[in-house]
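Engineer: Okay, handing you the structure first.
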Amino acid sequence: MDSNLKPGTSILIMKPKMSRSFYELTRGEELIGSITFTKAFGTLAHAEIFDEQWSLKRMGFWKPYITVRRQDDTRDYFQIPFSGKWQGLLTLTTHTGDLYELSQTGFWNPKWVWMKQKTVLVEFDLKFGMKKYAELIIREKDPLMNMLLIIGAYGMIMQGWDDGASSAAITAAIG
């Protein structure tokens with residue numbers, strides 16, 4: 001499987017079954033990754049992209065964050081603050097000091113983008129259909145591209161779950 005993700009490459013996040021616990025990342029007809037939640041309503045997920053395997057979990061209540069670990073490792077590779085706000089979702093700082101931000105652009109037709117030093121690396125166009133969840137477009141190459149795709153997809157899924165829970169709570173409160 002070719003892991004070379006060139007600028008212009010389109011990747012779909014698909015939900016092949018109605019179950020909310022499994023998502024696929026596809027490039028054309030090729031399956032390049034997946035995100036599998038271990039419990040139907042839990043936040044622990046196992047993620048694969050090409051030959052890399054990771055676990056991700058949203059932690060914390062007042063100051064939520066996402067832990068990213070190599071599969072079966074006990075140490076966090078990253079701890080990423082999860083804001084869940086409409087203008088900015090995630091901020092990732094590497095061990096070398098590089099800053100990556102996943103934030104929303106636009107208002108009427110919003111897209112989410114991973115940026116590094118004001119350069120757009122990946123663009124997420126949310127679809128929210130029955131099976132198609134989002135389309136990702138690679139805009140620039142980056143050494144952390146695989147990681148950005150998995151963390152971004154996980155963040156979008158978590159944001160969608162939070163938005164769905166908020167809508168349900170408001171509907172229940174209004175009656």
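Chain identifiers are assigned as A, B, and so on, following the order in which chains appear in the structure tokens; residues are numbered from 1 within each chain, and ligands are numbered from 1 in order of appearance.
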Report as CSV: every residue of region 21-97 of chain A with an atom at most 12 Å from region 134-152 of chain A, its closest pair of atoms, and their distance in Å to one decimal, counting only C-alpha atoms, with rows sorted by chain and ascending residue number.
Structural biologist:
residue,atom,partner,partner_atom,distance
A:Tyr23,CA,A:Ala134,CA,10.6
A:Glu24,CA,A:Ile150,CA,10.5
A:Leu25,CA,A:Ile150,CA,8.9
A:Thr26,CA,A:Glu135,CA,9.6
A:Arg27,CA,A:Leu136,CA,9.7
A:Gly28,CA,A:Glu135,CA,11.3
A:Ile32,CA,A:Asn146,CA,10.0
A:Gly33,CA,A:Ile150,CA,8.3
A:Ser34,CA,A:Ile150,CA,8.4
A:Ile35,CA,A:Ile150,CA,7.8
A:Thr36,CA,A:Ile150,CA,11.3
A:Ala45,CA,A:Ile150,CA,10.6
A:His46,CA,A:Ile150,CA,10.1
A:Ala47,CA,A:Ile150,CA,6.9
A:Glu48,CA,A:Ile150,CA,7.9
A:Ile49,CA,A:Asn146,CA,6.6
A:Phe50,CA,A:Asn146,CA,8.2
A:Asp51,CA,A:Asn146,CA,10.0
A:Glu52,CA,A:Asn146,CA,8.4
A:Gln53,CA,A:Met147,CA,10.1
A:Trp54,CA,A:Ile150,CA,8.8
A:Ser55,CA,A:Ile150,CA,10.0
A:Leu56,CA,A:Ile151,CA,8.0
A:Lys57,CA,A:Ile151,CA,10.3
A:Arg58,CA,A:Ile151,CA,11.0
A:Tyr65,CA,A:Ile151,CA,11.7
A:Ile66,CA,A:Ile151,CA,8.7
A:Thr67,CA,A:Ile151,CA,9.8
A:Val68,CA,A:Ile151,CA,8.2
A:Arg69,CA,A:Met147,CA,10.9
A:Arg70,CA,A:Met147,CA,10.9
A:Tyr77,CA,A:Met147,CA,10.9
A:Phe78,CA,A:Ile151,CA,10.3
A:Gln79,CA,A:Ile151,CA,11.1
A:Ile80,CA,A:Ile151,CA,9.3
A:Pro81,CA,A:Ile151,CA,11.7
A:Phe82,CA,A:Ile151,CA,10.9
A:Gly88,CA,A:Gly152,CA,11.9
A:Leu89,CA,A:Gly152,CA,9.2
A:Leu90,CA,A:Gly152,CA,8.2
A:Thr91,CA,A:Gly152,CA,10.5
A:Leu92,CA,A:Leu148,CA,9.2
A:Thr93,CA,A:Leu144,CA,11.5
A:Thr94,CA,A:Leu144,CA,9.7
Engineer: Run DSSP on the backbone and give me the residues of region 30-160 of chain A it puts in alpha helix (DSSP H), as a list of chain:residue names.
Structural biologist: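 The alpha helix (DSSP H) residues within region 30-160 of chain A come out as A:Met145, A:Asn146, A:Met147, A:Leu148, A:Leu149, A:Ile150, A:Ile151, A:Gly152, A:Ala153, A:Tyr154, A:Gly155, A:Met156, A:Ile157, A:Met158, A:Gln159, A:Gly160.
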Engineer: So that I can see what lies close to Tyr133 (chain A), please list as JSON, numbers by chain the residues with an atom at most 7 Å from it, counting only C-alpha atoms and leaving out residues fewer than 5 positions away in the same chain.
Structural biologist: {"A": [13, 14, 15, 126, 127, 128]}
Engineer: Assign secondary structure with DSSP using the backbone only, and return the residues of chain A in strand (DSSP E or B) as a ChimeraX atom specification.
Structural biologist: /A:10-14,22-27,30-37,45-49,52-59,65-70,78-82,88-93,99-105,111-116,119-126,132-138
Engineer: Given the choices A:Ala153, A:Trp114, A:Gln159, A:Leu121, which gets closest to Gly8 (chain A) if the distance is worked out from only C-alpha atoms?
Structural biologist: A:Leu121
Engineer: May I have the residues within 9 Å of Phe41 (chain A) as a ChimeraX atom specification, using only C-alpha atoms and disregarding those fewer than 2 positions away in the same chain?
Structural biologist: /A:20-21,37-39,43
Engineer: Report, in Å to a single decimal, how far apart CA of Ile157 (chain A) and CA of Gly97 (chain A) are.
Structural biologist: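 Separating CA of Gly97 (chain A) from CA of Ile157 (chain A) is a distance of 26.7 Å.
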Engineer: Would you compute the distance between CA of Asn4 (chain A) and CA of Met156 (chain A)? Give it in Å to one decimal.
Structural biologist: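 CA of Asn4 (chain A) sits 23.1 Å away from CA of Met156 (chain A).
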Engineer: Tell me, in Å to one decimal, how far CA of Asn109 (chain A) is from CA of Phe124 (chain A).
Structural biologist: 11.6 Å
